[in-house]
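Engineer: Next up is a structure, given as structure tokens.
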Amino acid sequence: MLKHFINKVCGKFLFAPRIMICIPSQVTEVEKKAVIDAASQAGARKVYLIEEPIAAAIGAGIDISKPSGNMVVDIGGGTTDIAVISLGGSVVNTSLKVAGDKLDEAIVKYIKKKHNIMIGERTAEDLKVNIGCVYPKIQDAEMDIRGRDLITGLPKTVTVHSSEMLEALIEPAMMIVDAVHSVLEKTPPELAADISDKGIYMTGGGCLVDGLDKLLQEKLGINVMIAQDTVSCVALGTGKALDNLDALQ
């Protein structure tokens with residue numbers, strides 16, 4: 001897969017390209033070496049690794065070189081990375097395997113339990129995008145879905161409301177809130193004061209779930225901002241980091 005992407009970007013290159021790869025903040029040295037080896041075998045001349053929250057912060061337009069503290073919560077598909085960044089590196093960080101995919105799983109389980117219907121991941125994703133929320137909505141939205149009735153084994157259509165989505169998603173959402181809280185607890189006081197002034201930046205596709213920013217804001221009492229072009233933040237930040245390698249190193 002890496003070879004395919006390298007060929008797609010570079011074409012039939014004369015010189016092997018330099019590649020920068022994002023990694024979750026809590027990976028081990030063995031995992032880092034495995035990523036470097038895989039990229040080298042795919043045709044990279046030199047491989048650089050960058051932590052996802054740092055790439056997300058650069059992509060969101062945050063100046064990470066200053067001594068003040070910035071907090072980034074990057075919610076992707078498989079992992080949520082939370083980091084306090086200062087002077088170009090992460091001071092406190094954590095990574096948990098609760099993100100977009102876990103929210104989809106929670107919806108599948110909930111629909112199975114509540115309506116006795118089995119739905120696929122794509123339907124769960126549609127529910128999450130269209131009516132999913134983790135904070136009470138002013139107006140209750142609804143959506144019709146089709147699934148397999150677990151009693152008869154036949155296709156069945158049911159109407160699902162956003163209030164039900166709140167019930168389904170609140171547990172994994174609170175796990176993310178608790179993780180952010182624990183990172184704040186470990187943050188040095190001066191940097192915590194900076195975060196309190198500036199707020200928390202959210203990036204990644206997972207942060208677009210309706211009300212997640214409001215939930216964080218309510219539980220932590222700190223202003224929460226969703227970055228522009230949030231889905232592409234990590235990719236954009238990685239590209240910028242590769243352009244400014246000397247400064248980062």
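So you can find residues: chains in the structure tokens are A, B, ... in the order shown, residues in each start at 1, and ligands are numbered from 1 in order.
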Near Lys128 in chain A, counting only C-alpha atoms, which residues have an atom at most 9 Å away, once you skip same-chain residues fewer than 2 positions from it, shown as a PyMOL selection string?
Structural biologist: chain A and resi 103-104+107+123-126+130-133+165+169+209-210
Engineer: Could you tell me, as an NGL selection string, which residues of range 28-231 of chain A DSSP assigns to strand (DSSP E) when given the backbone?
Structural biologist: :A and (46-51 or 70-75 or 80-86 or 89-96 or 117-118 or 142-149 or 155-161 or 200-203 or 224-226)
Engineer: Return the single residue from A:Val183, A:Met202, A:Leu236, A:Ile145 that is closest to Gly76 in chain A, with distances computed using only C-alpha atoms.
Structural biologist: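 Answer, going by the shortest atom-to-atom distance: A:Met202.
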Engineer: Report as a tab-separated table: every residue of range 102-221 of chain A with an atom at most 10 Å from range 226-231 of chain A, its closest pair of atoms, and their distance in Å to one decimal, counting only C-alpha atoms, with rows sorted by chain and ascending residue number.
Structural biologist:
```
residue	atom	partner	partner_atom	distance
A:Ile200	CA	A:Ile226	CA	8.5
A:Tyr201	CA	A:Ile226	CA	5.9
A:Met202	CA	A:Ile226	CA	4.8
A:Thr203	CA	A:Thr230	CA	4.9
A:Gly204	CA	A:Val231	CA	4.8
A:Gly205	CA	A:Val231	CA	4.8
A:Gly206	CA	A:Val231	CA	8.4
A:Cys207	CA	A:Ile226	CA	7.4
A:Leu208	CA	A:Ile226	CA	8.2
A:Leu212	CA	A:Ile226	CA	9.9
A:Asp213	CA	A:Ile226	CA	7.4
```
Engineer: Find, counting only C-alpha atoms, the residue in A:Cys233, A:Leu242, A:Ile222, A:Cys22 that gets nearest to Ala60 in chain A.
Structural biologist: A:Cys233
Engineer: Do you know which residues are at most 7 Å from Val84 in chain A counting only C-alpha atoms, after dropping those on the same chain fewer than 4 positions away, and could you put them as a ChimeraX atom specification?
Structural biologist: /A:69-72,90-93
Engineer: With distances taken over only C-alpha atoms, which of A:Gly153, A:Glu164, A:Gly88, A:Tyr135 is nearest to Lys114 in chain A?
Structural biologist: A:Glu164
Engineer: Of the candidates A:Ser65, A:Ile151, A:Phe15, A:Asp74, which shows the shortest atom-to-atom distance to Ser232 in chain A, using only C-alpha atoms?
Structural biologist: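 Between A:Ser65, A:Ile151, A:Phe15, A:Asp74, the residue approaching Ser232 in chain A most closely is A:Asp74.
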Engineer: Between A:Pro155, A:Pro67, A:Gly237, A:Gly77, which has the minimum distance to Ile21 in chain A (counting only C-alpha atoms)?
Structural biologist: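 Going through A:Pro155, A:Pro67, A:Gly237, A:Gly77 one by one, the smallest distance to Ile21 in chain A is for A:Gly237.
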Engineer: Taking only range 83-234 of chain A into account, list the residues labelled alpha helix (DSSP H) by DSSP (computed from the backbone), as a PyMOL selection string.
Structural biologist: chain A and resi 100-115+121-130+162-186+189-198+212-220+233-234
Engineer: I'd like the neighbourhood of range 28-45 of chain A as a PyMOL selection string, where a residue qualifies if any of its atoms comes within 10 Å (using only C-alpha atoms), though same-chain residues fewer than 5 positions away should be ignored.
Structural biologist: chain A and resi 1-7+13+15-23
